[in-house]
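A.B. asks: Input file: protein05.txt. Contents: compact mmCIF, C-alpha atoms.
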```txt
# COMPACT_ATOMS: atom_id res chain seq x y z
CA MET A 136 0.00 0.00 0.00
CA ALA A 137 1.19 3.53 -0.79
CA ILE A 138 -0.28 7.02 -0.56
CA VAL A 139 0.48 10.07 -2.69
CA THR A 140 -0.88 13.54 -1.95
CA VAL A 141 -2.55 15.34 -4.85
CA GLY A 142 -4.05 18.68 -3.83
CA PRO A 143 -6.49 17.95 -0.98
CA ALA A 144 -6.52 14.21 -1.72
CA ARG A 145 -4.43 11.45 -0.13
CA VAL A 146 -4.63 8.92 -2.95
CA HIS A 147 -4.30 5.27 -1.99
CA TYR A 148 -2.69 2.84 -4.41
CA ASP A 149 -1.29 -0.70 -4.45
CA VAL A 150 1.52 -2.27 -6.48
CA GLU A 151 1.88 -6.00 -7.10
CA GLY A 152 4.96 -7.55 -8.76
CA PRO A 153 7.35 -7.95 -10.37
CA SER A 154 9.00 -9.33 -7.24
CA ALA A 155 5.75 -10.75 -5.86
CA ARG A 156 5.64 -14.52 -5.89
CA ILE A 157 2.72 -15.84 -7.93
CA ASP A 158 1.09 -19.24 -7.44
CA HIS A 159 0.97 -21.37 -10.59
CA PRO A 160 0.06 -25.00 -11.23
CA THR A 161 3.76 -25.71 -11.74
CA GLY A 162 4.75 -23.88 -8.60
CA PRO A 163 5.34 -20.25 -7.51
CA ARG A 164 7.48 -17.93 -9.58
CA SER A 165 8.16 -14.22 -9.85
CA ALA A 166 6.63 -12.02 -12.53
CA PRO A 167 9.26 -10.76 -15.02
CA ALA A 168 10.22 -7.12 -14.89
CA SER A 169 10.50 -6.64 -18.66
CA ALA A 170 6.88 -5.71 -19.39
CA PRO A 171 5.63 -2.19 -18.64
CA ALA A 172 3.56 -1.80 -15.50
CA LEU A 173 -0.21 -2.05 -16.00
CA LEU A 174 -2.28 0.54 -14.14
CA LEU A 175 -5.99 -0.27 -13.73
CA VAL A 176 -8.42 2.63 -13.21
CA HIS A 177 -11.76 1.76 -11.63
CA GLY A 178 -15.24 2.97 -12.50
CA THR A 179 -18.05 4.59 -10.54
CA GLY A 180 -18.48 3.43 -6.95
CA SER A 181 -16.92 4.12 -3.57
CA GLY A 182 -15.68 0.51 -3.39
CA GLY A 183 -12.97 1.61 -5.82
CA ALA A 184 -10.21 -0.74 -6.92
CA VAL A 185 -11.07 -3.58 -4.54
CA VAL A 186 -14.60 -4.00 -5.92
CA ASN A 187 -13.60 -3.56 -9.57
CA TRP A 188 -10.23 -5.27 -9.71
CA GLY A 189 -9.95 -7.50 -6.63
CA GLN A 190 -10.72 -10.64 -8.62
CA THR A 191 -9.24 -9.72 -12.00
CA ALA A 192 -5.99 -7.86 -11.21
CA PRO A 193 -4.14 -11.03 -10.14
CA ARG A 194 -4.75 -12.43 -13.63
CA PHE A 195 -2.29 -9.85 -14.99
CA THR A 196 0.47 -10.10 -12.37
CA THR A 197 2.00 -13.21 -13.92
CA ASP A 198 3.46 -11.03 -16.68
CA ARG A 199 3.85 -7.55 -15.27
CA THR A 200 3.71 -5.22 -12.33
CA VAL A 201 0.10 -4.20 -11.70
CA ILE A 202 -0.91 -0.90 -10.07
CA THR A 203 -4.41 -0.21 -8.78
CA LEU A 204 -5.49 3.09 -7.25
CA ASP A 205 -8.51 4.52 -5.50
CA LEU A 206 -9.68 7.79 -7.03
CA SER A 207 -11.32 10.50 -4.93
CA GLY A 208 -14.80 9.34 -4.01
CA ALA A 209 -13.52 5.85 -3.20
CA ASP A 210 -13.47 4.90 0.45
CA ARG A 211 -9.71 4.45 0.82
CA THR A 212 -8.77 7.86 -0.62
CA LEU A 213 -9.43 10.84 1.64
CA ASP A 214 -10.06 14.37 0.40
CA ASP A 215 -12.18 17.46 1.14
CA GLY A 216 -15.36 16.12 -0.48
CA SER A 217 -15.49 18.78 -3.18
CA PRO A 218 -17.06 18.13 -6.61
CA LEU A 219 -14.95 15.98 -8.90
CA THR A 220 -13.70 16.67 -12.42
CA VAL A 221 -12.18 14.38 -15.01
CA GLU A 222 -9.06 16.54 -15.00
CA ALA A 223 -8.67 16.30 -11.22
CA LEU A 224 -8.95 12.51 -11.28
CA ALA A 225 -6.54 12.37 -14.22
CA ALA A 226 -4.07 14.36 -12.10
CA GLN A 227 -4.37 11.66 -9.42
CA VAL A 228 -3.56 8.93 -11.94
CA ILE A 229 -0.58 10.94 -13.19
CA ALA A 230 0.68 11.41 -9.64
CA VAL A 231 0.42 7.67 -8.93
CA ILE A 232 2.37 6.81 -12.10
CA GLU A 233 5.12 9.23 -11.15
CA ASP A 234 5.17 8.18 -7.49
CA ALA A 235 5.26 4.44 -8.25
CA GLY A 236 8.48 4.94 -10.21
CA THR A 237 7.81 2.23 -12.78
CA GLY A 238 8.18 4.52 -15.79
CA PRO A 239 5.54 4.82 -18.53
CA VAL A 240 2.66 2.39 -17.96
CA ASP A 241 0.08 0.53 -19.93
CA LEU A 242 -3.11 2.24 -18.77
CA LEU A 243 -6.54 0.58 -18.61
CA GLY A 244 -9.68 2.45 -17.63
CA PHE A 245 -13.10 0.95 -17.04
CA SER A 246 -16.38 2.90 -17.27
CA MET A 247 -15.78 6.25 -15.47
CA GLY A 248 -12.12 5.29 -15.48
CA SER A 249 -12.16 5.29 -19.27
CA PRO A 250 -12.55 9.06 -19.81
CA VAL A 251 -10.15 9.62 -16.92
CA SER A 252 -7.53 7.37 -18.55
CA ALA A 253 -8.08 8.92 -21.97
CA THR A 254 -7.46 12.33 -20.42
CA VAL A 255 -4.18 11.11 -18.89
CA ALA A 256 -3.06 9.78 -22.27
CA ALA A 257 -3.96 13.06 -23.98
CA LEU A 258 -2.31 15.35 -21.43
CA ARG A 259 0.75 13.25 -20.54
CA PRO A 260 1.66 11.03 -23.50
CA ASP A 261 5.10 10.53 -21.97
CA LEU A 262 3.55 8.47 -19.17
CA VAL A 263 1.33 6.16 -21.24
CA ASN A 264 2.78 3.34 -23.27
CA ARG A 265 -0.46 1.72 -24.40
CA LEU A 266 -4.08 2.59 -23.59
CA VAL A 267 -7.12 0.34 -23.12
CA LEU A 268 -10.57 1.93 -22.74
CA VAL A 269 -13.31 -0.45 -21.55
CA ALA A 270 -17.04 0.36 -21.61
CA GLY A 271 -16.28 4.07 -21.77
CA TRP A 272 -17.78 7.17 -23.29
CA ALA A 273 -16.68 10.62 -24.46
CA TYR A 274 -19.57 12.90 -23.42
CA THR A 275 -22.83 12.87 -21.47
CA GLU A 276 -24.61 16.13 -22.30
CA GLY A 277 -26.25 15.50 -25.66
CA ASP A 278 -26.59 11.76 -25.03
CA GLU A 279 -30.09 11.59 -23.59
CA TYR A 280 -29.79 7.95 -22.54
CA LEU A 281 -26.71 8.57 -20.40
CA ARG A 282 -27.99 11.87 -19.04
CA ASN A 283 -31.27 10.33 -17.92
CA LEU A 284 -29.68 7.18 -16.48
CA PHE A 285 -27.18 9.11 -14.35
CA THR A 286 -29.89 11.59 -13.30
CA LEU A 287 -32.06 8.64 -12.25
CA TRP A 288 -29.14 7.27 -10.23
CA GLN A 289 -28.78 10.62 -8.47
CA ARG A 290 -32.49 10.63 -7.63
CA LEU A 291 -32.53 7.04 -6.43
CA GLY A 292 -29.35 7.56 -4.44
CA GLU A 293 -30.95 10.43 -2.56
CA PHE A 294 -34.44 9.02 -2.01
CA ASP A 295 -34.34 5.24 -2.61
CA PRO A 296 -30.99 3.58 -1.83
CA ALA A 297 -32.42 0.08 -2.33
CA GLY A 298 -33.78 1.13 -5.70
CA PHE A 299 -30.37 2.53 -6.58
CA GLY A 300 -28.78 -0.85 -5.95
CA ARG A 301 -31.32 -2.63 -8.10
CA SER A 302 -30.97 -0.12 -10.94
CA VAL A 303 -27.18 -0.43 -10.92
CA THR A 304 -27.43 -4.23 -10.89
CA MET A 305 -30.01 -4.30 -13.69
CA THR A 306 -27.97 -2.07 -16.00
CA GLY A 307 -24.57 -3.39 -14.94
CA PHE A 308 -25.12 -6.96 -16.08
CA SER A 309 -26.75 -8.62 -19.05
CA ARG A 310 -30.13 -10.33 -18.72
CA GLY A 311 -28.55 -13.68 -19.52
CA PHE A 312 -25.93 -13.31 -16.79
CA LEU A 313 -28.50 -12.28 -14.17
CA ASN A 314 -30.71 -15.23 -15.02
CA ALA A 315 -27.73 -17.58 -15.00
CA ILE A 316 -26.70 -16.64 -11.44
CA GLY A 317 -30.31 -16.80 -10.22
CA ARG A 318 -32.13 -14.87 -7.52
CA GLU A 319 -29.65 -15.58 -4.74
CA GLY A 320 -26.76 -14.40 -6.89
CA VAL A 321 -28.61 -11.29 -8.00
CA GLU A 322 -29.61 -10.38 -4.45
CA ALA A 323 -25.96 -10.66 -3.44
CA LEU A 324 -25.04 -8.13 -6.15
CA VAL A 325 -27.66 -5.51 -5.22
CA PRO A 326 -25.79 -4.05 -2.20
CA ASN A 327 -22.43 -4.19 -4.02
CA MET A 328 -22.45 -0.47 -4.94
CA PRO A 329 -24.33 1.50 -2.27
CA PRO A 330 -25.12 5.18 -2.98
CA THR A 331 -22.57 6.55 -0.54
CA PRO A 332 -21.58 10.21 -0.78
CA GLY A 333 -18.48 9.09 -2.67
CA THR A 334 -20.47 7.06 -5.18
CA LEU A 335 -22.82 10.00 -5.76
CA ARG A 336 -19.82 12.28 -6.33
CA HIS A 337 -18.80 9.85 -9.07
CA VAL A 338 -22.30 9.93 -10.56
CA ALA A 339 -22.22 13.75 -10.60
CA LEU A 340 -18.92 13.52 -12.48
CA ASP A 341 -20.43 11.01 -14.92
CA LEU A 342 -23.05 13.62 -15.77
CA ALA A 343 -20.36 16.19 -16.58
CA VAL A 344 -18.03 14.08 -18.78
CA ASP A 345 -16.97 15.66 -22.06
CA ILE A 346 -13.50 14.76 -23.35
CA ARG A 347 -14.18 15.10 -27.10
CA GLU A 348 -11.60 17.86 -27.56
CA LEU A 349 -8.89 15.71 -25.97
CA LEU A 350 -9.37 12.54 -28.00
CA PRO A 351 -7.45 13.71 -31.12
CA ARG A 352 -4.43 14.36 -28.86
CA ILE A 353 -4.07 10.70 -27.88
CA THR A 354 -0.97 9.21 -29.50
CA ALA A 355 -0.60 6.02 -27.46
CA GLU A 356 -1.44 2.77 -29.18
CA THR A 357 -5.05 2.28 -28.10
CA LEU A 358 -7.57 -0.53 -27.79
CA VAL A 359 -11.23 0.33 -27.23
CA VAL A 360 -13.33 -2.50 -25.79
CA GLY A 361 -17.11 -2.32 -26.14
CA CYS A 362 -19.67 -4.53 -24.44
CA ALA A 363 -22.41 -5.65 -26.81
CA GLN A 364 -25.10 -5.97 -24.11
CA ASP A 365 -24.10 -2.92 -22.08
CA ALA A 366 -27.17 -1.21 -20.59
CA THR A 367 -25.16 1.31 -18.53
CA VAL A 368 -22.96 2.77 -21.27
CA PRO A 369 -24.38 1.39 -24.54
CA VAL A 370 -21.85 -0.10 -26.91
CA GLU A 371 -22.35 2.71 -29.44
CA ASN A 372 -20.38 4.94 -27.07
CA SER A 373 -17.35 2.66 -27.32
CA ARG A 374 -17.65 2.60 -31.08
CA GLU A 375 -17.67 6.41 -31.10
CA LEU A 376 -14.53 6.48 -28.93
CA HIS A 377 -12.81 4.14 -31.37
CA GLU A 378 -13.75 6.36 -34.32
CA ALA A 379 -12.52 9.48 -32.52
CA ILE A 380 -9.08 8.09 -31.58
CA GLY A 381 -6.98 7.87 -34.69
CA GLY A 382 -5.40 4.48 -35.35
CA SER A 383 -7.11 2.80 -32.41
CA ALA A 384 -8.08 -0.87 -32.44
CA TYR A 385 -11.53 -2.08 -31.44
CA ALA A 386 -12.80 -5.25 -29.79
CA GLU A 387 -16.33 -6.13 -28.74
CA ILE A 388 -17.29 -8.68 -26.08
CA ASP A 389 -20.80 -10.14 -25.85
CA ALA A 390 -21.42 -9.11 -22.24
CA GLY A 391 -23.00 -6.48 -20.05
CA HIS A 392 -21.24 -3.45 -18.61
CA VAL A 393 -19.19 -5.23 -15.93
CA VAL A 394 -17.50 -7.38 -18.54
CA PHE A 395 -14.69 -8.63 -16.30
CA PHE A 396 -17.31 -10.30 -14.06
CA GLU A 397 -19.39 -11.79 -16.87
CA LYS A 398 -16.63 -12.84 -19.26
CA GLU A 399 -13.43 -12.67 -17.21
CA ASP A 400 -11.44 -15.11 -19.34
CA GLU A 401 -12.35 -13.37 -22.60
CA PHE A 402 -11.70 -9.95 -21.06
CA VAL A 403 -8.24 -10.95 -19.80
CA ARG A 404 -7.39 -12.61 -23.11
CA THR A 405 -8.50 -9.54 -25.10
CA VAL A 406 -6.37 -7.21 -23.00
CA THR A 407 -3.29 -9.44 -22.82
CA ASP A 408 -3.40 -10.20 -26.56
CA PHE A 409 -3.30 -6.46 -27.24
CA LEU A 410 -0.62 -5.66 -24.69
CA GLY A 411 1.39 -8.77 -25.45
CA SER A 412 1.54 -8.33 -29.20
CA ALA A 413 2.35 -4.65 -28.80
CA ALA A 414 5.18 -5.47 -26.41
CA ALA A 415 6.72 -8.13 -28.64
```
Please express the file's structure as structure tokens.
C.D. replies:
Amino acid sequence: MAIVTVGPARVHYDVEGPSARIDHPTGPRSAPASAPALLLVHGTGSGGAVVNWGQTAPRFTTDRTVITLDLSGADRTLDDGSPLTVEALAAQVIAVIEDAGTGPVDLLGFSMGSPVSATVAALRPDLVNRLVLVAGWAYTEGDEYLRNLFTLWQRLGEFDPAGFGRSVTMTGFSRGFLNAIGREGVEALVPNMPPTPGTLRHVALDLAVDIRELLPRITAETLVVGCAQDATVPVENSRELHEAIGGSAYAEIDAGHVVFFEKEDEFVRTVTDFLGSAAA
């Protein structure tokens, strides 16, 4: 665990590898130091990196150092509670990269973390080796679906916390996945992202996202990953990101928004194929 101060925020982050010993079927070994570090940026929710990446991050540590951070609004990062901006969260990511001392990183952002990561790549190309944007979007105002969904979340968060949890669960996962895990599994998911003050700060930020002017400035080799059954950030938004970032690659996974829960193996393979081939 490490902490870096960025303005009023004490940003919590974790680093795993390359010296960490990893358990494998053939016995433990250390991750090699040759690959760039991979920094994972979480999406909306005060659970932060633990909720988003707790299960999936270890899948990447066999090949590289993995950094996870908690942006302002997440429980483990303390700040003054002021409204959030994409630029302020991007500054936190930049500070973590510099503080970790691993050099330029491969940067992956999920959902809210996607516009944040794209902003980092646009403003500090020297710090981003390759960029992966998962289930992201470029702007909210002018997209009536996103504007209404995030406004509904604000309303439910204030007046109906249980309804907030059900709305997030319903839009976060595909119908097929919810039916496959059954009622007990679904009920276990409902309280997974409570409408804490930090979560609602993230939702307010989601409503304000507009990074369209920054996208042409991205020079890092980029992969955009869309989720075909995404009911939180519909897949058309990922396709628009791909079109707006010159030379970017595009992959689509048949899953809901939280793709690394629904299709973890395919998600990990998609990311590692892109990072691996680029590193070769």
A.B. asks: Output as CSV one row per residue of segment 153-254 of chain A within 10 Å of segment 273-284 of chain A: the closest atom pair and its distance in Å to one decimal place, counting all atoms listed in the file, sorted by chain and residue number ascending.
C.D. replies:
```
residue,atom,partner,partner_atom,distance
A:Ser249,CA,A:Ala273,CA,8.7
A:Pro250,CA,A:Ala273,CA,6.4
A:Ala253,CA,A:Ala273,CA,9.1
```
A.B. asks: Determine, for each residue of segment 232-318 of chain A having at least one atom at most 6 Å from an atom of segment 170-187 of chain A, the closest pair of atoms and their separation in Å to one decimal, counting only C-alpha atoms; order by chain and ascending number, as JSON lines.
C.D. replies:
```
{"residue": "A:Val240", "atom": "CA", "partner": "A:Ala172", "partner_atom": "CA", "distance": 4.9}
{"residue": "A:Asp241", "atom": "CA", "partner": "A:Leu173", "partner_atom": "CA", "distance": 4.7}
{"residue": "A:Leu242", "atom": "CA", "partner": "A:Leu174", "partner_atom": "CA", "distance": 5.0}
{"residue": "A:Leu243", "atom": "CA", "partner": "A:Leu175", "partner_atom": "CA", "distance": 5.0}
{"residue": "A:Gly244", "atom": "CA", "partner": "A:Val176", "partner_atom": "CA", "distance": 4.6}
{"residue": "A:Phe245", "atom": "CA", "partner": "A:Gly178", "partner_atom": "CA", "distance": 5.4}
{"residue": "A:Ser246", "atom": "CA", "partner": "A:Gly178", "partner_atom": "CA", "distance": 4.9}
{"residue": "A:Met247", "atom": "CA", "partner": "A:Gly178", "partner_atom": "CA", "distance": 4.5}
{"residue": "A:Gly248", "atom": "CA", "partner": "A:Gly178", "partner_atom": "CA", "distance": 4.9}
```
A.B. asks: Filtering to C-alpha atoms, could you give me those residues as a CSV table (one decimal), keeping the file's coordinate frame?
C.D. replies:
```csv
chain,number,residue,atom,x,y,z
A,240,VAL,CA,2.7,2.4,-18.0
A,241,ASP,CA,0.1,0.5,-19.9
A,242,LEU,CA,-3.1,2.2,-18.8
A,243,LEU,CA,-6.5,0.6,-18.6
A,244,GLY,CA,-9.7,2.4,-17.6
A,245,PHE,CA,-13.1,1.0,-17.0
A,246,SER,CA,-16.4,2.9,-17.3
A,247,MET,CA,-15.8,6.2,-15.5
A,248,GLY,CA,-12.1,5.3,-15.5
```
A.B. asks: Choose the residue, out of A:Gln289, A:Gln227, A:Thr212, A:Thr200, that has the smallest atom-to-atom separation from Leu335 of chain A; count only C-alpha atoms.
C.D. replies: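 Result for the nearest residue to Leu335 of chain A: A:Gln289.
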A.B. asks: From the options A:Met136, A:Ala363, A:Val150, A:Ile229, which residue's atoms come nearest to Lys398 of chain A, counting all atoms listed in the file?
C.D. replies: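 For Lys398 of chain A, the nearest of the given residues is A:Ala363.
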A.B. asks: With only C-alpha atoms as the counted atoms, please give the residues lying no more than 10 Å from Ala379 of chain A, apart from itself and same-chain residues fewer than 2 positions off, as a ChimeraX atom specification.
C.D. replies: /A:273,347-351,353,373-377,381-383
A.B. asks: Since the input lacks some atoms of segment 367-386 of chain A, please model N, CA, C and O atoms and print them as a short mmCIF file (atom, residue, chain, number, x, y, z; two decimals), in the coordinates of the input.
C.D. replies:
```
data_model
loop_
_atom_site.label_atom_id
_atom_site.label_comp_id
_atom_site.auth_asym_id
_atom_site.auth_seq_id
_atom_site.Cartn_x
_atom_site.Cartn_y
_atom_site.Cartn_z
N THR A 367 -25.59 0.12 -19.25
CA THR A 367 -25.16 1.31 -18.53
C THR A 367 -24.58 2.31 -19.52
O THR A 367 -25.06 3.44 -19.64
N VAL A 368 -23.55 1.93 -20.23
CA VAL A 368 -22.96 2.77 -21.27
C VAL A 368 -23.08 1.98 -22.58
O VAL A 368 -22.22 1.16 -22.88
N PRO A 369 -24.15 2.20 -23.33
CA PRO A 369 -24.38 1.39 -24.54
C PRO A 369 -23.18 1.33 -25.46
O PRO A 369 -22.37 2.27 -25.53
N VAL A 370 -23.05 0.21 -26.14
CA VAL A 370 -21.85 -0.10 -26.91
C VAL A 370 -21.57 0.95 -27.99
O VAL A 370 -20.41 1.14 -28.39
N GLU A 371 -22.59 1.67 -28.45
CA GLU A 371 -22.35 2.71 -29.44
C GLU A 371 -21.36 3.76 -28.94
O GLU A 371 -20.64 4.38 -29.73
N ASN A 372 -21.33 3.96 -27.63
CA ASN A 372 -20.38 4.94 -27.07
C ASN A 372 -18.94 4.48 -27.25
O ASN A 372 -18.06 5.29 -27.55
N SER A 373 -18.70 3.18 -27.09
CA SER A 373 -17.35 2.66 -27.32
C SER A 373 -16.98 2.76 -28.79
O SER A 373 -15.84 3.08 -29.14
N ARG A 374 -17.93 2.49 -29.65
CA ARG A 374 -17.65 2.60 -31.08
C ARG A 374 -17.31 4.04 -31.46
O ARG A 374 -16.42 4.28 -32.30
N GLU A 375 -17.98 5.01 -30.84
CA GLU A 375 -17.67 6.41 -31.10
C GLU A 375 -16.27 6.77 -30.60
O GLU A 375 -15.54 7.54 -31.25
N LEU A 376 -15.90 6.25 -29.42
CA LEU A 376 -14.53 6.48 -28.93
C LEU A 376 -13.51 5.96 -29.92
O LEU A 376 -12.52 6.63 -30.22
N HIS A 377 -13.73 4.75 -30.40
CA HIS A 377 -12.81 4.14 -31.37
C HIS A 377 -12.68 5.03 -32.61
O HIS A 377 -11.56 5.27 -33.10
N GLU A 378 -13.78 5.52 -33.11
CA GLU A 378 -13.75 6.36 -34.32
C GLU A 378 -13.03 7.68 -34.07
O GLU A 378 -12.41 8.23 -34.97
N ALA A 379 -13.10 8.18 -32.83
CA ALA A 379 -12.52 9.48 -32.52
C ALA A 379 -11.03 9.41 -32.21
O ALA A 379 -10.36 10.45 -32.23
N ILE A 380 -10.50 8.24 -31.92
CA ILE A 380 -9.08 8.09 -31.58
C ILE A 380 -8.37 7.48 -32.78
O ILE A 380 -8.53 6.30 -33.10
N GLY A 381 -7.61 8.30 -33.46
CA GLY A 381 -6.98 7.87 -34.69
C GLY A 381 -6.08 6.66 -34.50
O GLY A 381 -5.27 6.62 -33.57
N GLY A 382 -6.24 5.66 -35.37
CA GLY A 382 -5.40 4.48 -35.35
C GLY A 382 -5.72 3.48 -34.26
O GLY A 382 -5.00 2.49 -34.09
N SER A 383 -6.78 3.72 -33.50
CA SER A 383 -7.11 2.80 -32.41
C SER A 383 -7.65 1.48 -32.95
O SER A 383 -8.21 1.41 -34.04
N ALA A 384 -7.49 0.43 -32.15
CA ALA A 384 -8.08 -0.87 -32.44
C ALA A 384 -9.38 -1.00 -31.66
O ALA A 384 -9.60 -0.29 -30.67
N TYR A 385 -10.23 -1.92 -32.10
CA TYR A 385 -11.53 -2.08 -31.44
C TYR A 385 -11.84 -3.55 -31.26
O TYR A 385 -11.59 -4.38 -32.15
N ALA A 386 -12.34 -3.90 -30.08
CA ALA A 386 -12.80 -5.25 -29.79
C ALA A 386 -14.15 -5.16 -29.10
O ALA A 386 -14.40 -4.21 -28.34
#
```
